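J.: Hey, dropping run_20.txt in here, compact mmCIF, C-alpha atoms and all ligand atoms:
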```
# COMPACT_ATOMS: atom_id res chain seq x y z
CA MET A 92 31.44 -3.72 81.65
CA LYS A 93 28.34 -1.84 82.83
CA ARG A 94 25.07 -2.78 81.16
CA ARG A 95 24.78 0.59 79.36
CA ASP A 96 28.37 0.31 78.00
CA PHE A 97 27.66 -3.20 76.87
CA LEU A 98 24.58 -2.09 74.96
CA LYS A 99 26.57 0.74 73.36
CA THR A 100 29.34 -1.63 72.31
CA SER A 101 26.94 -4.18 70.82
CA SER A 102 25.05 -1.55 68.86
CA THR A 103 28.35 -0.25 67.44
CA ILE A 104 29.26 -3.80 66.40
CA ALA A 105 25.81 -4.31 64.91
CA ALA A 106 26.03 -1.05 62.94
CA GLY A 107 29.51 -2.03 61.80
CA SER A 108 28.28 -5.39 60.53
CA LEU A 109 25.48 -3.66 58.71
CA LEU A 110 27.98 -1.42 56.98
CA VAL A 111 30.15 -4.37 56.03
CA GLY A 112 26.95 -5.92 54.68
CA CYS A 113 26.25 -2.81 52.58
CA ASN A 114 29.77 -2.76 51.18
CA GLU A 115 29.47 -6.44 50.28
CA SER A 116 26.19 -5.97 48.45
CA ASN A 117 27.63 -2.97 46.57
CA ARG A 118 30.55 -5.11 45.51
CA GLN A 119 28.20 -7.84 44.40
CA ALA A 120 26.19 -5.32 42.38
CA ILE A 121 29.30 -4.21 40.49
CA ASP A 122 30.35 -7.80 39.83
CA TYR A 123 26.86 -8.64 38.67
CA SER A 124 26.82 -5.86 36.08
CA LYS A 125 30.12 -7.22 34.70
CA VAL A 126 28.53 -10.65 34.43
CA LYS A 127 25.62 -9.04 32.62
CA GLU A 128 27.97 -7.39 30.09
CA LYS A 129 29.67 -10.72 29.46
CA LYS A 130 26.29 -12.39 29.04
CA LEU A 131 25.24 -9.81 26.47
CA ALA A 132 28.44 -10.35 24.51
CA LYS A 133 27.79 -14.08 24.58
CA GLN A 134 24.20 -13.52 23.50
CA LYS A 135 25.44 -11.78 20.35
CA SER A 136 27.56 -14.77 19.40
CA ILE A 137 24.64 -17.09 20.15
CA ASN A 138 22.42 -15.19 17.78
CA ILE A 139 24.99 -15.71 15.04
CA ASN A 140 25.27 -19.42 15.77
CA LYS A 141 21.52 -19.78 15.99
CA ASN A 142 21.15 -19.22 12.28
CA LYS A 143 23.51 -22.03 11.46
CA LYS A 144 21.59 -25.20 10.73
CA VAL A 145 22.85 -28.18 12.71
CA LYS A 146 22.29 -31.77 11.60
CA LEU A 147 22.69 -34.55 14.16
CA LYS A 148 22.43 -38.34 13.92
CA LEU A 149 20.71 -40.16 16.76
CA ALA A 150 20.64 -43.98 16.94
CA THR A 151 18.60 -45.94 19.49
CA SER A 152 18.53 -49.47 20.88
CA TRP A 153 14.75 -49.70 20.29
CA PRO A 154 12.77 -50.71 17.17
CA ALA A 155 10.95 -47.92 15.28
CA HIS A 156 7.84 -46.69 17.16
CA PHE A 157 8.55 -49.05 20.07
CA PRO A 158 6.00 -48.11 22.76
CA ILE A 159 7.09 -45.54 25.35
CA MET A 160 10.86 -45.70 24.75
CA GLY A 161 10.83 -45.47 20.94
CA THR A 162 7.90 -43.06 20.72
CA GLY A 163 9.37 -40.96 23.55
CA VAL A 164 12.55 -40.41 21.53
CA GLU A 165 10.47 -39.52 18.46
CA GLU A 166 8.67 -36.83 20.53
CA PHE A 167 12.06 -35.53 21.73
CA VAL A 168 13.31 -35.18 18.14
CA GLU A 169 10.15 -33.31 17.07
CA SER A 170 10.26 -31.08 20.13
CA VAL A 171 13.91 -30.07 19.49
CA ASN A 172 13.07 -29.33 15.87
CA ARG A 173 10.10 -27.12 16.80
CA ALA A 174 11.84 -25.30 19.67
CA SER A 175 14.84 -24.49 17.46
CA ALA A 176 12.58 -23.30 14.61
CA GLY A 177 14.07 -26.05 12.46
CA SER A 178 17.68 -25.01 13.09
CA ILE A 179 18.43 -28.36 14.79
CA GLU A 180 17.57 -31.29 12.59
CA ILE A 181 17.97 -34.68 14.27
CA LYS A 182 17.88 -37.70 12.01
CA LEU A 183 16.59 -40.65 14.00
CA TYR A 184 17.89 -44.19 13.38
CA PRO A 185 15.90 -46.84 15.29
CA LYS A 186 17.54 -50.15 16.26
CA ASN A 187 19.59 -51.78 13.49
CA THR A 188 18.68 -49.22 10.78
CA LEU A 189 22.17 -47.71 10.89
CA ILE A 190 23.82 -49.12 14.01
CA PRO A 191 23.14 -52.49 15.72
CA ALA A 192 21.15 -52.04 18.98
CA LEU A 193 24.10 -52.61 21.28
CA ALA A 194 26.75 -50.87 19.17
CA VAL A 195 25.32 -47.38 19.66
CA PHE A 196 27.66 -46.57 22.58
CA ASP A 197 30.77 -47.23 20.45
CA ALA A 198 29.27 -45.47 17.43
CA ALA A 199 28.70 -42.25 19.41
CA SER A 200 32.05 -42.61 21.15
CA SER A 201 33.87 -42.74 17.80
CA GLY A 202 31.77 -39.94 16.25
CA GLU A 203 30.06 -42.16 13.67
CA ILE A 204 26.80 -40.81 15.16
CA ASP A 205 26.28 -37.78 17.42
CA ILE A 206 23.80 -39.14 19.97
CA PHE A 207 22.39 -42.44 21.18
CA HIS A 208 19.38 -43.41 23.29
CA SER A 209 19.74 -46.61 25.32
CA GLY A 210 20.38 -47.76 28.92
CA PRO A 211 23.67 -47.60 30.89
CA TYR A 212 23.42 -51.23 32.16
CA TYR A 213 24.09 -52.44 28.62
CA TRP A 214 27.67 -51.15 28.90
CA LYS A 215 28.72 -52.89 32.10
CA GLY A 216 31.23 -54.90 30.04
CA LYS A 217 33.15 -51.64 29.55
CA ASN A 218 32.92 -50.60 33.18
CA THR A 219 30.91 -52.49 35.83
CA ALA A 220 30.12 -49.13 37.49
CA PHE A 221 27.90 -48.17 34.51
CA SER A 222 25.22 -50.66 35.59
CA LEU A 223 24.82 -48.70 38.86
CA PHE A 224 23.78 -45.56 36.97
CA SER A 225 20.74 -47.54 35.78
CA GLY A 226 19.77 -48.37 39.34
CA MET A 227 20.28 -51.22 41.74
CA PRO A 228 18.28 -54.09 43.29
CA PHE A 229 16.62 -52.78 46.49
CA GLY A 230 17.97 -49.35 45.51
CA MET A 231 16.53 -45.97 44.60
CA THR A 232 13.11 -45.36 43.08
CA ALA A 233 12.72 -43.25 39.92
CA THR A 234 12.21 -40.04 41.91
CA GLU A 235 15.19 -40.79 44.14
CA ILE A 236 17.52 -41.63 41.25
CA ASN A 237 16.52 -38.40 39.46
CA ALA A 238 17.21 -36.49 42.70
CA TRP A 239 20.60 -38.23 43.10
CA MET A 240 21.56 -37.39 39.54
CA HIS A 241 20.61 -33.72 39.79
CA TYR A 242 21.36 -32.89 43.42
CA GLY A 243 23.37 -35.75 44.91
CA GLY A 244 26.46 -35.90 42.68
CA GLY A 245 25.17 -38.64 40.33
CA TYR A 246 25.46 -36.59 37.14
CA GLU A 247 29.02 -35.49 38.00
CA LEU A 248 30.16 -39.09 38.53
CA TRP A 249 28.37 -40.32 35.41
CA ARG A 250 29.92 -37.61 33.21
CA GLU A 251 33.34 -38.17 34.74
CA MET A 252 33.14 -41.91 33.96
CA TYR A 253 31.81 -41.46 30.41
CA ALA A 254 34.51 -38.83 29.62
CA PRO A 255 37.22 -41.40 28.71
CA TYR A 256 34.75 -42.72 26.11
CA ASN A 257 34.30 -39.23 24.69
CA LEU A 258 30.63 -39.23 25.72
CA TYR A 259 28.44 -36.70 27.52
CA PRO A 260 25.30 -38.28 29.02
CA PHE A 261 21.86 -36.95 29.91
CA LEU A 262 18.96 -38.66 31.65
CA GLY A 263 16.58 -39.83 28.92
CA GLY A 264 13.70 -41.58 30.68
CA ASN A 265 12.90 -44.04 33.43
CA THR A 266 11.01 -47.33 33.26
CA ASN A 267 9.62 -46.73 36.77
CA ILE A 268 9.62 -49.76 39.09
CA GLN A 269 9.85 -53.00 37.10
CA MET A 270 7.92 -56.18 37.90
CA GLY A 271 9.74 -59.23 39.29
CA GLY A 272 8.83 -61.41 36.34
CA TRP A 273 6.73 -64.27 35.03
CA PHE A 274 7.04 -67.77 36.46
CA ARG A 275 5.60 -71.01 35.08
CA LYS A 276 5.26 -72.39 38.62
CA GLU A 277 4.37 -70.70 41.89
CA ILE A 278 7.29 -69.71 44.14
CA ASN A 279 6.41 -70.30 47.80
CA SER A 280 9.90 -70.34 49.27
CA LEU A 281 13.57 -70.06 48.46
CA ASP A 282 13.71 -73.81 47.70
CA ASP A 283 11.33 -73.35 44.77
CA LEU A 284 13.89 -71.10 43.08
CA LYS A 285 16.80 -73.54 43.21
CA GLY A 286 17.87 -74.69 39.78
CA LEU A 287 15.36 -72.53 37.88
CA LYS A 288 16.45 -71.10 34.56
CA MET A 289 15.45 -67.47 34.31
CA ARG A 290 16.01 -64.78 31.73
CA VAL A 291 17.32 -61.93 33.88
CA PRO A 292 20.22 -59.61 33.03
CA GLY A 293 22.39 -57.22 35.02
CA LEU A 294 22.97 -56.95 38.76
CA GLY A 295 19.54 -58.52 39.35
CA GLY A 296 20.78 -61.61 37.47
CA GLU A 297 23.89 -61.78 39.65
CA VAL A 298 21.76 -61.61 42.80
CA PHE A 299 19.39 -64.32 41.45
CA SER A 300 22.44 -66.46 40.86
CA THR A 301 23.31 -66.29 44.61
CA LEU A 302 19.80 -67.74 45.22
CA GLY A 303 20.52 -70.82 43.09
CA VAL A 304 18.84 -69.53 39.92
CA ASN A 305 20.63 -69.90 36.57
CA PRO A 306 20.38 -66.44 35.00
CA ILE A 307 20.18 -66.63 31.21
CA LEU A 308 20.47 -63.89 28.60
CA LEU A 309 18.22 -64.16 25.55
CA PRO A 310 17.44 -61.73 22.72
CA ALA A 311 13.96 -60.21 23.11
CA GLY A 312 12.55 -62.15 20.14
CA GLU A 313 13.43 -65.55 21.64
CA ILE A 314 12.10 -65.17 25.19
CA TYR A 315 8.46 -66.09 24.56
CA THR A 316 9.23 -69.33 22.73
CA ALA A 317 11.86 -70.33 25.32
CA LEU A 318 9.30 -69.79 28.10
CA GLU A 319 6.55 -71.60 26.21
CA ARG A 320 8.73 -74.66 25.56
CA GLY A 321 10.14 -74.75 29.10
CA VAL A 322 13.69 -73.97 27.94
CA ILE A 323 13.46 -71.32 30.66
CA ASP A 324 11.20 -71.42 33.74
CA ALA A 325 10.83 -67.69 34.24
CA THR A 326 11.58 -64.31 32.76
CA GLU A 327 11.59 -60.72 33.85
CA TRP A 328 11.11 -57.98 31.27
CA VAL A 329 9.93 -54.49 32.23
CA GLY A 330 6.43 -53.81 33.56
CA PRO A 331 2.80 -54.68 32.73
CA ALA A 332 2.58 -52.52 29.56
CA LEU A 333 5.58 -53.95 27.71
CA ASP A 334 5.25 -57.42 29.30
CA MET A 335 1.66 -57.79 28.08
CA MET A 336 2.76 -56.95 24.55
CA MET A 337 5.22 -59.87 24.75
CA GLY A 338 2.36 -62.26 25.70
CA PHE A 339 4.18 -63.88 28.63
CA TYR A 340 0.90 -64.25 30.56
CA LYS A 341 -0.19 -66.94 28.08
CA VAL A 342 2.62 -69.31 29.07
CA ALA A 343 3.63 -68.33 32.62
CA PRO A 344 0.64 -67.44 34.81
CA TYR A 345 2.41 -66.23 37.99
CA TYR A 346 3.39 -62.57 37.90
CA TYR A 347 5.63 -61.40 40.76
CA SER A 348 6.21 -57.97 42.27
CA GLY A 349 9.66 -56.53 41.72
CA TRP A 350 12.80 -55.69 43.71
CA HIS A 351 15.64 -56.03 41.18
CA GLU A 352 14.98 -52.86 39.06
CA PRO A 353 13.19 -50.28 41.20
CA GLY A 354 13.64 -47.39 38.73
CA SER A 355 15.92 -48.07 35.76
CA ILE A 356 17.05 -44.99 33.90
CA LEU A 357 17.41 -44.57 30.15
CA GLU A 358 20.07 -42.33 28.68
CA LEU A 359 20.52 -39.79 25.91
CA SER A 360 24.27 -39.60 25.43
CA PHE A 361 26.20 -37.27 23.14
CA ASN A 362 29.53 -37.58 21.41
CA HIS A 363 31.33 -34.94 23.46
CA GLN A 364 32.66 -32.99 20.44
CA SER A 365 29.21 -32.94 18.85
CA TRP A 366 27.86 -31.51 22.13
CA LYS A 367 30.59 -28.89 22.54
CA LYS A 368 30.18 -27.69 18.95
CA LEU A 369 26.56 -26.64 19.62
CA SER A 370 25.75 -23.03 20.48
CA ILE A 371 24.72 -22.36 24.08
CA GLU A 372 21.20 -21.73 22.89
CA HIS A 373 21.04 -25.04 21.01
CA GLN A 374 22.50 -26.82 24.03
CA GLU A 375 19.79 -25.32 26.22
CA ILE A 376 17.03 -26.42 23.84
CA ILE A 377 18.36 -29.99 23.84
CA HIS A 378 18.90 -29.96 27.58
CA LEU A 379 15.30 -28.87 28.22
CA ALA A 380 13.86 -31.32 25.69
CA ALA A 381 15.89 -34.18 27.23
CA GLU A 382 14.64 -33.29 30.71
CA THR A 383 11.07 -33.26 29.37
CA MET A 384 11.61 -36.66 27.75
CA ASN A 385 13.04 -37.93 31.03
CA SER A 386 9.89 -36.92 32.92
CA LYS A 387 7.32 -37.81 30.28
CA MET A 388 8.65 -41.32 29.73
CA LEU A 389 8.29 -41.99 33.46
CA TYR A 390 4.73 -40.63 33.47
CA LYS A 391 3.87 -42.70 30.41
CA PHE A 392 5.23 -45.88 31.98
CA GLN A 393 3.09 -45.16 35.06
CA ALA A 394 -0.05 -44.56 32.99
CA GLU A 395 0.40 -47.44 30.53
CA ASN A 396 1.39 -49.90 33.27
CA ALA A 397 -1.79 -49.09 35.16
CA PHE A 398 -3.98 -49.63 32.04
CA ALA A 399 -2.19 -52.90 31.28
CA MET A 400 -2.46 -54.13 34.88
CA GLN A 401 -6.24 -53.84 34.70
CA LYS A 402 -6.28 -55.83 31.46
CA LEU A 403 -4.02 -58.51 32.99
CA GLN A 404 -6.45 -58.82 35.91
CA ASP A 405 -9.24 -59.50 33.41
CA LEU A 406 -7.04 -62.20 31.87
CA ASN A 407 -6.83 -63.96 35.27
CA VAL A 408 -3.12 -63.49 35.75
CA GLN A 409 -2.03 -64.69 39.19
CA PHE A 410 -0.34 -61.77 41.00
CA ARG A 411 2.08 -62.77 43.71
CA SER A 412 4.44 -61.13 46.20
CA VAL A 413 7.96 -62.47 46.53
CA PRO A 414 8.18 -64.72 49.67
CA ASP A 415 9.95 -63.19 52.69
CA ASP A 416 12.78 -65.74 52.77
CA VAL A 417 13.58 -65.00 49.11
CA ILE A 418 13.75 -61.25 49.85
CA LYS A 419 15.97 -61.82 52.90
CA SER A 420 18.39 -64.02 50.93
CA ALA A 421 18.34 -61.68 47.93
CA LYS A 422 19.42 -58.79 50.19
CA GLN A 423 22.28 -60.91 51.54
CA GLY A 424 23.16 -61.97 47.99
CA LEU A 425 23.26 -58.34 46.89
CA GLN A 426 25.76 -57.51 49.64
CA LYS A 427 28.00 -60.36 48.42
CA VAL A 428 27.83 -59.05 44.84
CA ILE A 429 28.59 -55.47 45.98
CA ILE A 430 31.63 -56.57 48.02
CA GLU A 431 32.98 -58.65 45.12
CA GLN A 432 32.46 -55.93 42.49
CA SER A 433 33.82 -53.18 44.76
CA ALA A 434 37.01 -55.19 45.34
CA LYS A 435 37.45 -55.55 41.57
CA SER A 436 36.68 -51.96 40.54
CA LYS A 437 37.45 -48.58 42.12
CA ASP A 438 34.79 -46.95 39.90
CA PHE A 439 32.12 -49.43 41.01
CA LYS A 440 33.01 -48.73 44.64
CA SER A 441 32.80 -44.96 44.29
CA VAL A 442 29.48 -44.98 42.36
CA TYR A 443 28.03 -47.49 44.82
CA ASN A 444 29.12 -45.36 47.80
CA SER A 445 27.64 -42.21 46.30
CA ALA A 446 24.32 -43.91 45.43
CA GLU A 447 24.13 -45.73 48.78
CA ASN A 448 24.80 -42.54 50.78
CA PHE A 449 22.12 -40.71 48.84
CA LEU A 450 19.66 -43.58 49.33
CA LYS A 451 20.29 -43.55 53.08
CA SER A 452 19.70 -39.83 53.33
CA SER A 453 16.66 -40.01 51.03
CA SER A 454 15.16 -42.89 53.05
CA SER A 455 15.17 -40.75 56.19
CA PHE A 456 12.41 -38.76 54.51
CA THR A 457 10.77 -41.39 52.25
CA ASP A 458 10.37 -43.97 55.04
CA VAL A 459 8.31 -41.69 57.27
CA SER A 460 6.37 -40.05 54.44
CA LEU A 461 5.69 -41.89 51.16
CA LYS A 462 6.25 -45.40 52.50
CA ARG A 463 3.73 -44.87 55.32
CA TYR A 464 1.33 -43.01 53.06
CA LEU A 465 1.22 -45.81 50.46
CA ASN A 466 0.46 -48.30 53.20
CA ILE A 467 -2.60 -46.35 54.34
CA ARG A 468 -3.88 -45.13 50.97
CA CA B 501 14.17 -55.60 33.22
```
As a first step, turn the structure in this file into structure tokens.
T.:
Amino acid sequence: MKRRDFLKTSSTIAAGSLLVGCNESNRQAIDYSKVKEKKLAKQKSININKNKKVKLKLATSWPAHFPIMGTGVEEFVESVNRASAGSIEIKLYPKNTLIPALAVFDAASSGEIDIFHSGPYYWKGKNTAFSLFSGMPFGMTATEINAWMHYGGGYELWREMYAPYNLYPFLGGNTNIQMGGWFRKEINSLDDLKGLKMRVPGLGGEVFSTLGVNPILLPAGEIYTALERGVIDATEWVGPALDMMMGFYKVAPYYYSGWHEPGSILELSFNHQSWKKLSIEHQEIIHLAAETMNSKMLYKFQAENAFAMQKLQDLNVQFRSVPDDVIKSAKQGLQKVIIEQSAKSKDFKSVYNSAENFLKSSSSFTDVSLKRYLNIR
């Protein structure tokens, strides 16, 4: 082909593609107007539903006005009420006022209540995979877990696995990175951990157990006395703000940095029928208010933890980093736990794989940006 012919041919092809492009966009325009018509029709039905007053029952696992978690849910309830001009009325039942703290999952599942606010790791007895939605030792930070949920397939998996329980979950907050806990004696090496009794639940507890620690579960109200009397040698709780309120610094002076809960999520989960019965407009109001609660709780944890950390410094708390050999063994211990749990549960394996793949991809950015930045700040 001569050069001139070639140019002619390519320009014909280019013009042709342009035309195809035009036809495509015309077709899209027609389809779009149909979508618009449908939307308008839907809008009419929404306006009818909007006037119907909806009453919902929400039970939580937290005491009334409990800092950050309890007050965050109270703000959510008020916000939904205001945004819906009073057409959604949520009656809030703090811990044990209607449903025992750890029975809220079953109560929403059966329809006794419409919504609960709690944390997915509490339900690992129903499905071990649920604990992974809360986060994992050495796993994702709060920002990463939110990104995984929204853009990495996390929400889809979570909703798929809650569906057999007739539940429809939303993110409802994040504790931000938790501290490693309070120890009565200093931990200088792995040997110092052997035989210690520590209050630590969840996957973190299982990893501690591979390090020779005896993980113990205690109700919140009994932890301080157990630590004071030496019934336990250490405890983890959440972070400086909530830990200070518990007074642990008075009886266990060594406060360690964390690795076992790098960004635990909280959940706002609906009975699926209660959710489906809501108008699209009401659903959108709740969806937006839940997303706001999810963000604000994280910000509040960050702010309150920082205030509390300064106070703890004034109280001469001894801040410590976890020794390197403990971290190395904890990472090996975690792998053991993952292999065991994955062999026992298909669900655990698929949630772990999804979260781990997202973490790997996220780290490719985080490791050369935030990680380096925090080291030089
Ligand atoms: Ca904790």
J.: Give me, please, the distance in Å between CA of Thr326 (chain A) and CA of Val291 (chain A), quoted to one decimal.
T.: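 Separation of CA of Thr326 (chain A) and CA of Val291 (chain A): 6.3 Å.
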J.: Quick one: of A:Gly286, A:Pro185, A:Gly321, A:Gly330, who's nearest to Pro306 (chain A), counting all atoms listed in the file?
T.: A:Gly286
J.: Using all atoms listed in the file, what residues lie at most 12 Å away from (12.4, -22.8, 17.5) (file coordinates), given as a ChimeraX atom specification?
T.: /A:141-142,144,169-180,372-373,375-377,380
J.: Could you check which of A:Ala220, A:Glu251, A:Thr383, A:Leu369 is closest to Lys146 (chain A), using only C-alpha atoms?
T.: A:Leu369
J.: For ligand CA 501 (chain B), list the contacting residues at 7 Å or closer, counting all atoms listed in the file, as a PyMOL selection string.
T.: chain A and resi 269+327-329+352
J.: Enter the distance from CA of Val304 (chain A) to CA of Asp415 (chain A), in Å, rounded to one decimal.
T.: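 Here the two named atoms are 16.8 Å from each other.
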J.: Would you mind telling me which residue in A:Gln374, A:Gln426, A:Thr316, A:Thr151 lies nearest to Tyr443 (chain A) when using only C-alpha atoms?
T.: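 The answer is A:Gln426, which sits nearest to Tyr443 (chain A).
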J.: With a distance cut-off of 8 Å and all atoms listed in the file, select the neighbouring residues of Pro292 (chain A), excluding the residue or stretch itself and same-chain residues fewer than 3 positions from it, and output the selection as an mmCIF file with C-alpha atoms, in the coordinates of the input.
T.:
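That gives us result_12.cif:
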```cif
data_model
loop_
_atom_site.group_PDB
_atom_site.id
_atom_site.type_symbol
_atom_site.label_atom_id
_atom_site.label_comp_id
_atom_site.auth_asym_id
_atom_site.auth_seq_id
_atom_site.Cartn_x
_atom_site.Cartn_y
_atom_site.Cartn_z
ATOM 1 C CA GLY A 295 19.540 -58.520 39.350
ATOM 2 C CA GLY A 296 20.780 -61.610 37.470
ATOM 3 C CA GLU A 297 23.890 -61.780 39.650
ATOM 4 C CA PRO A 306 20.380 -66.440 35.000
ATOM 5 C CA ILE A 307 20.180 -66.630 31.210
ATOM 6 C CA LEU A 308 20.470 -63.890 28.600
#
```
J.: For Pro353 (chain A), list every protein, DNA or RNA residue within 12 Å, evaluated using only C-alpha atoms, and leave out those in the same chain fewer than 2 positions away; present the list as a ChimeraX atom specification.
T.: /A:223,225-236,265-271,295,329-330,348-351,355-356
J.: Here is a test: counting only C-alpha atoms, which residue of A:Asp334, A:Glu382, A:Asp438, A:Asp416 is nearest to Glu395 (chain A)?
T.: A:Asp334
J.: Using all atoms listed in the file for the distances, tell me which of A:Ala238, A:Ala397, A:Leu294, A:Ile159 is nearest to Tyr213 (chain A).
T.: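 Selected residue with least distance to Tyr213 (chain A): A:Leu294.
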J.: Which residues are close to Gly161 (chain A), i.e. within 12 Å by all atoms listed in the file, leaving aside same-chain residues fewer than 2 positions away? Reply as an NGL selection string.
T.: :A and (149-159 or 163-168 or 183-186 or 207-209 or 263-264 or 357 or 384 or 388)
J.: Between CA of Met252 (chain A) and CA of Gln432 (chain A), what distance in Å does the model show, to one decimal?
T.: 16.4 Å
